[in-house]
Amino acid sequence: MRRILITSALPYANGSIHLGHLVEYIQTDIWSRYQKMNGHEVFYVCADDTHGTPIMIKAQNEGITPKQLIANVHKEHAQDFADFYVNFDNFYTTDSKENQLYSEEIFKSLDRNKKISTKEIEQYFDEDKQMFLPDRFIKGECPKCNVKDQYGDSCEACGATYSPTDLVNPYSALSGTTPIKKKTKHFFFNLSECEQFLKDWTTSGTLQFEAENKIQEWFKSGLQDWDITRDKPYFGFLIPGETDKYFYVWLDAPIGYMASFKNLIDQKGNINFDDFWSPDSSTELYHFIGKDILYFHALFWPATLNFAGFRKPTKIFAHGFLTVNGEKMSKSRGTFITARSFLNNINEPEFLRYYFASKLNDSMSDIDLNLDDLMSKVNSDLVGKLVNIPSRTFGFIHKLFNGKIKSIDQLASDSKYSQLVIKSIDLKSEILDLYESRLYSQLVRKVFTLVEEVNELISDEQPWSLAKDLEQNKVQLHNILTTSAIVFRNSIIYLSPILPNLSKEVASLFNETDFNSFNQIKDNINKINQYKHLYQRLDKDNLVKLIEDNKIMENKNNAKEDLDTGNHISIDDFIKIDLRVAEVLEANHVKGADKLLQVTLNVGELGKKNVFAGIKSKYNPDSLIGKKVSYVANLAPRKMKFGVSEGMILAASDSNDGPFILLADDGAQAGMKIK
């Protein structure tokens, strides 16, 4: 008996589960169920990834605390997973005492092993929001291919990775303003010192062929030390001994695997944590992830574990992305489909489980959800072939043979009936090998080849015709019904990890509680209960409504976001801002400042005001003298290293150009209110 710990990547707690997520969780759940049915001790754990700036910002927009937000999302995620029969042994949260404990322990161990260093770095700082900006909250022009509106860590157009400070014309995704560079002390994990260990580990058979090749590309460009710090304000765990420095979410997120497992064994009380996480552990650890987070799981994570005194993963299984109808999932087209909308419109989660299984293999290739193909496969395979077997035969078994069929050894050994039954039994070892290798699409084809043979046998022998003369055809009829029942049952057992709910319903037809072991393949059948309907055909109207509902949902979300992000304010909010016309009396360059000019303003009755304005890139100081600008008079004075700035000059800009100051009409006088 093997002892196995399995994980899926942690879903981020700022949005709903969608079908792209479910590719991974369904793939992992199938493998976990297979291992359990094969008699091994298996634990499948996961958790919501709950820390980071996006969580903090979303909670602010919704007017709740981050902890309230992640609690709400956790409940939603857990229900979605349960309704798709994703059977976690524990679905936890990274915002937990266990995760904080292990994060601090690992950090301290790395520090003792001289794998932590501190550096003073420059980061972008949003003066409007008064916060350092994480990579994903800085946008600008890609320094490699010059495509605009790319994130601060990587370009979605050309795939290049870079530092946020490499962006051309950067701007804050929170305020739209141009951020400034500001120095701050950060902790780094010295990944560059782990290169030889990682080269050995990543070529030891722990990764798929494509993943190993990708990792080699990263080695060629050189491993960079990993910044594991974020400055306040931030939602996460404080770094030990610090008051304003937090662990970057990617430091504590994978540690959530350990925390979720610790929480599980604390509930069970009969499992030893060190058996699964000590460096000399003989148990197995498998991570299922998307290829987009391979860098974190194949480099940072094993290095972190190794140099903190824990075991490394046995294997990492990476999968590709999901496209819908041959294109990237799109909210505007309605193909960014949430788990809940699929359930609301299709009603049968196993249709998606089966479809994904029929596409999945052991590679990192993307898979496509073609909705017409989904309907075709469901109606042809599941309805037209699989459950078609009992719908065509069980009524005769119940009506003519009192629900009983022959035992396997009562079929003549040289008959076509016996041969088909034996074939269904002998398929077991091949099916188990395909499950182990995650070659689900091949496995599905093997089982359905068997299912098609049964359907052909039924069509050829026509039990409905044989039943018309029972006295003459009783033996032949009983043989065909027995063969159909046994092979159907074996096929369902083989498909149980993929179709767990159907498996349970079919088990009840055979007077069994469930099919929980592949060893049940050899069992004889005692009695068959009255057949009940198992699946309904999938209708085109359901698919059309699915797409339309997701379009409607996107429009509602956009409308809600407009409100949440403050795009609408009341007149009471507006009049709180004291806008004035101000005349420029003097303007000068600021020594040591790349973007600032020092401007002296005449604001009428309010007197003279000193302002540091980030307009140097567009204006020569002399050209500003005498201009009448728009000025925010009641902004709190801000102390800068160059002096005190008493307000703000208004200017227009976007990601392409600017800033351009807003000038008043000729008749406006210094000090006039702008209303």
# chains A, B, ... in the order shown; residues from 1 in each chain; ligands from 1
>>> residues_around(residues="Thr323 in chain A", least_positions_apart="4", cutoff="10 Å", atoms="only C-alpha atoms", output="mmCIF file with N, CA and C atoms, in the first residue's frame")
data_model
loop_
_atom_site.group_PDB
_atom_site.id
_atom_site.type_symbol
_atom_site.label_atom_id
_atom_site.label_comp_id
_atom_site.auth_asym_id
_atom_site.auth_seq_id
_atom_site.Cartn_x
_atom_site.Cartn_y
_atom_site.Cartn_z
ATOM 1 N N LEU A 19 -14.526 27.383 -15.500
ATOM 2 C CA LEU A 19 -14.238 26.092 -16.107
ATOM 3 C C LEU A 19 -12.743 25.886 -16.349
ATOM 4 N N GLY A 20 -12.000 26.976 -16.548
ATOM 5 C CA GLY A 20 -10.549 26.849 -16.669
ATOM 6 C C GLY A 20 -9.931 26.291 -15.405
ATOM 7 N N GLU A 327 -10.991 29.343 -28.880
ATOM 8 C CA GLU A 327 -10.433 30.665 -28.575
ATOM 9 C C GLU A 327 -10.232 30.819 -27.077
ATOM 10 N N LYS A 328 -9.389 31.778 -26.727
ATOM 11 C CA LYS A 328 -9.188 32.109 -25.329
ATOM 12 C C LYS A 328 -10.523 32.486 -24.698
ATOM 13 N N MET A 329 -10.738 32.041 -23.464
ATOM 14 C CA MET A 329 -12.001 32.353 -22.789
ATOM 15 C C MET A 329 -12.227 33.866 -22.773
ATOM 16 N N SER A 330 -13.454 34.269 -23.091
ATOM 17 C CA SER A 330 -13.766 35.691 -23.235
ATOM 18 C C SER A 330 -15.025 36.038 -22.453
ATOM 19 N N THR A 335 -17.908 33.208 -23.008
ATOM 20 C CA THR A 335 -17.231 31.912 -22.887
ATOM 21 C C THR A 335 -16.288 31.850 -21.688
ATOM 22 N N PHE A 336 -16.286 32.903 -20.869
ATOM 23 C CA PHE A 336 -15.594 32.856 -19.583
ATOM 24 C C PHE A 336 -16.625 32.302 -18.596
ATOM 25 N N ASP A 366 -2.683 22.587 -24.268
ATOM 26 C CA ASP A 366 -3.989 23.167 -23.966
ATOM 27 C C ASP A 366 -5.080 22.224 -24.449
ATOM 28 N N ILE A 367 -6.256 22.303 -23.816
ATOM 29 C CA ILE A 367 -7.395 21.531 -24.301
ATOM 30 C C ILE A 367 -8.526 22.501 -24.635
ATOM 31 N N ASP A 368 -9.365 22.099 -25.559
ATOM 32 C CA ASP A 368 -10.449 22.972 -26.019
ATOM 33 C C ASP A 368 -11.800 22.401 -25.619
ATOM 34 N N LEU A 369 -12.633 23.259 -25.061
ATOM 35 C CA LEU A 369 -14.024 22.899 -24.783
ATOM 36 C C LEU A 369 -14.866 23.443 -25.926
ATOM 37 N N ASN A 370 -15.199 22.559 -26.869
ATOM 38 C CA ASN A 370 -16.091 22.943 -27.949
ATOM 39 C C ASN A 370 -17.500 22.557 -27.521
#
>>> residues_around(residues="Leu662 in chain A", least_positions_apart="3", cutoff="12 Å", atoms="only C-alpha atoms", output="PyMOL selection string")
chain A and resi 579-582+615+624+627-632+648-653+658-659+665+674
>>> write_last_selection(atoms="N, CA and C atoms", output="CSV table (one decimal), in the first residue's frame")
chain,number,residue,atom,x,y,z
A,579,LEU,N,-11.6,73.4,-5.5
A,579,LEU,CA,-10.9,73.6,-6.8
A,579,LEU,C,-10.8,75.1,-7.1
A,580,ARG,N,-9.6,75.6,-7.4
A,580,ARG,CA,-9.4,77.1,-7.6
A,580,ARG,C,-8.6,77.3,-8.9
A,581,VAL,N,-8.8,78.5,-9.4
A,581,VAL,CA,-7.9,79.0,-10.5
A,581,VAL,C,-6.6,79.6,-9.8
A,582,ALA,N,-5.5,79.2,-10.3
A,582,ALA,CA,-4.2,79.7,-9.7
A,582,ALA,C,-3.3,80.2,-10.9
A,615,ILE,N,5.4,67.4,-13.9
A,615,ILE,CA,5.1,67.8,-15.3
A,615,ILE,C,6.3,68.2,-16.1
A,624,LEU,N,5.7,78.3,-18.3
A,624,LEU,CA,4.5,78.2,-17.4
A,624,LEU,C,4.2,79.6,-16.8
A,627,LYS,N,0.6,81.5,-16.7
A,627,LYS,CA,-0.5,80.6,-17.1
A,627,LYS,C,-1.4,80.5,-15.9
A,628,LYS,N,-2.8,80.3,-16.1
A,628,LYS,CA,-3.8,80.1,-15.1
A,628,LYS,C,-4.2,78.7,-15.1
A,629,VAL,N,-3.8,78.0,-14.0
A,629,VAL,CA,-4.0,76.5,-14.0
A,629,VAL,C,-5.1,76.2,-13.0
A,630,SER,N,-5.5,74.9,-13.0
A,630,SER,CA,-6.5,74.4,-12.1
A,630,SER,C,-5.8,73.8,-10.9
A,631,TYR,N,-6.3,74.1,-9.7
A,631,TYR,CA,-5.5,73.8,-8.5
A,631,TYR,C,-6.4,73.3,-7.4
A,632,VAL,N,-6.0,72.2,-6.8
A,632,VAL,CA,-6.7,71.6,-5.6
A,632,VAL,C,-6.2,72.3,-4.4
A,648,MET,N,-2.2,70.5,-5.3
A,648,MET,CA,-2.0,69.8,-6.6
A,648,MET,C,-2.5,70.6,-7.8
A,649,ILE,N,-1.6,70.6,-8.8
A,649,ILE,CA,-2.0,71.2,-10.1
A,649,ILE,C,-2.7,70.0,-10.9
A,650,LEU,N,-3.8,70.3,-11.5
A,650,LEU,CA,-4.5,69.2,-12.3
A,650,LEU,C,-3.9,69.1,-13.7
A,651,ALA,N,-3.8,67.9,-14.1
A,651,ALA,CA,-3.3,67.6,-15.5
A,651,ALA,C,-4.0,66.3,-16.0
A,652,ALA,N,-4.0,66.2,-17.3
A,652,ALA,CA,-4.6,65.1,-18.0
A,652,ALA,C,-3.5,64.2,-18.6
A,653,SER,N,-3.7,62.9,-18.5
A,653,SER,CA,-2.7,61.9,-19.1
A,653,SER,C,-3.4,60.6,-19.3
A,658,GLY,N,1.1,62.5,-22.0
A,658,GLY,CA,0.8,63.4,-20.9
A,658,GLY,C,2.0,63.6,-20.0
A,659,PRO,N,1.9,64.3,-18.9
A,659,PRO,CA,0.7,65.1,-18.5
A,659,PRO,C,0.5,66.4,-19.2
A,665,ASP,N,-10.0,79.6,-18.7
A,665,ASP,CA,-10.3,80.5,-19.7
A,665,ASP,C,-9.7,81.9,-19.4
A,674,ILE,N,-13.6,76.8,-8.8
A,674,ILE,CA,-14.0,76.0,-10.0
A,674,ILE,C,-15.2,75.1,-9.5
>>> select_by_dssp(residues="range 161-370 of chain A", states="helix (DSSP H, G or I)", output="VMD selection string")
chain A and resid 164 to 166 191 to 202 209 to 221 249 to 252 255 to 268 273 to 277 291 to 307 339 to 346 349 to 359
>>> residues_around(residues="range 35-48 of chain A", least_positions_apart="3", cutoff="6 Å", atoms="only C-alpha atoms", output="list in words")
Met1, Arg2, Arg3, Ile4, Leu5, Ile6, Thr7, Ser8, Leu10, Pro11, Tyr12, Ala13, Ser32, Phe88, Asp89, Asn90, Phe91, Tyr92, Thr93, Asn516, Ser517 and Phe518 of chain A
>>> write_last_selection(atoms="C-alpha atoms", output="mmCIF file, in the first residue's frame")
data_model
loop_
_atom_site.group_PDB
_atom_site.id
_atom_site.type_symbol
_atom_site.label_atom_id
_atom_site.label_comp_id
_atom_site.auth_asym_id
_atom_site.auth_seq_id
_atom_site.Cartn_x
_atom_site.Cartn_y
_atom_site.Cartn_z
ATOM 1 C CA MET A 1 0.000 0.000 0.000
ATOM 2 C CA ARG A 2 1.363 3.364 -1.034
ATOM 3 C CA ARG A 3 0.941 6.457 1.157
ATOM 4 C CA ILE A 4 0.176 9.456 -1.049
ATOM 5 C CA LEU A 5 -0.439 13.162 -0.488
ATOM 6 C CA ILE A 6 -1.967 14.965 -3.485
ATOM 7 C CA THR A 7 -2.553 18.697 -3.964
ATOM 8 C CA SER A 8 -4.083 21.018 -6.530
ATOM 9 C CA LEU A 10 -4.753 26.971 -4.566
ATOM 10 C CA PRO A 11 -7.592 29.028 -6.120
ATOM 11 C CA TYR A 12 -7.240 32.747 -5.438
ATOM 12 C CA ALA A 13 -9.918 34.070 -3.125
ATOM 13 C CA SER A 32 -7.028 10.802 -6.298
ATOM 14 C CA PHE A 88 -11.023 17.014 -1.134
ATOM 15 C CA ASP A 89 -10.060 15.372 2.122
ATOM 16 C CA ASN A 90 -9.548 18.925 3.332
ATOM 17 C CA PHE A 91 -10.268 22.267 1.680
ATOM 18 C CA TYR A 92 -8.741 24.910 3.935
ATOM 19 C CA THR A 93 -7.441 28.494 3.827
ATOM 20 C CA ASN A 516 -15.050 1.777 -4.143
ATOM 21 C CA SER A 517 -12.496 -0.779 -5.318
ATOM 22 C CA PHE A 518 -11.237 -2.052 -8.645
#
>>> closest_residue(among="A:Glu156, A:Glu350, A:Asp666, A:Glu62", to="Ser503 in chain A", atoms="only C-alpha atoms")
A:Glu350
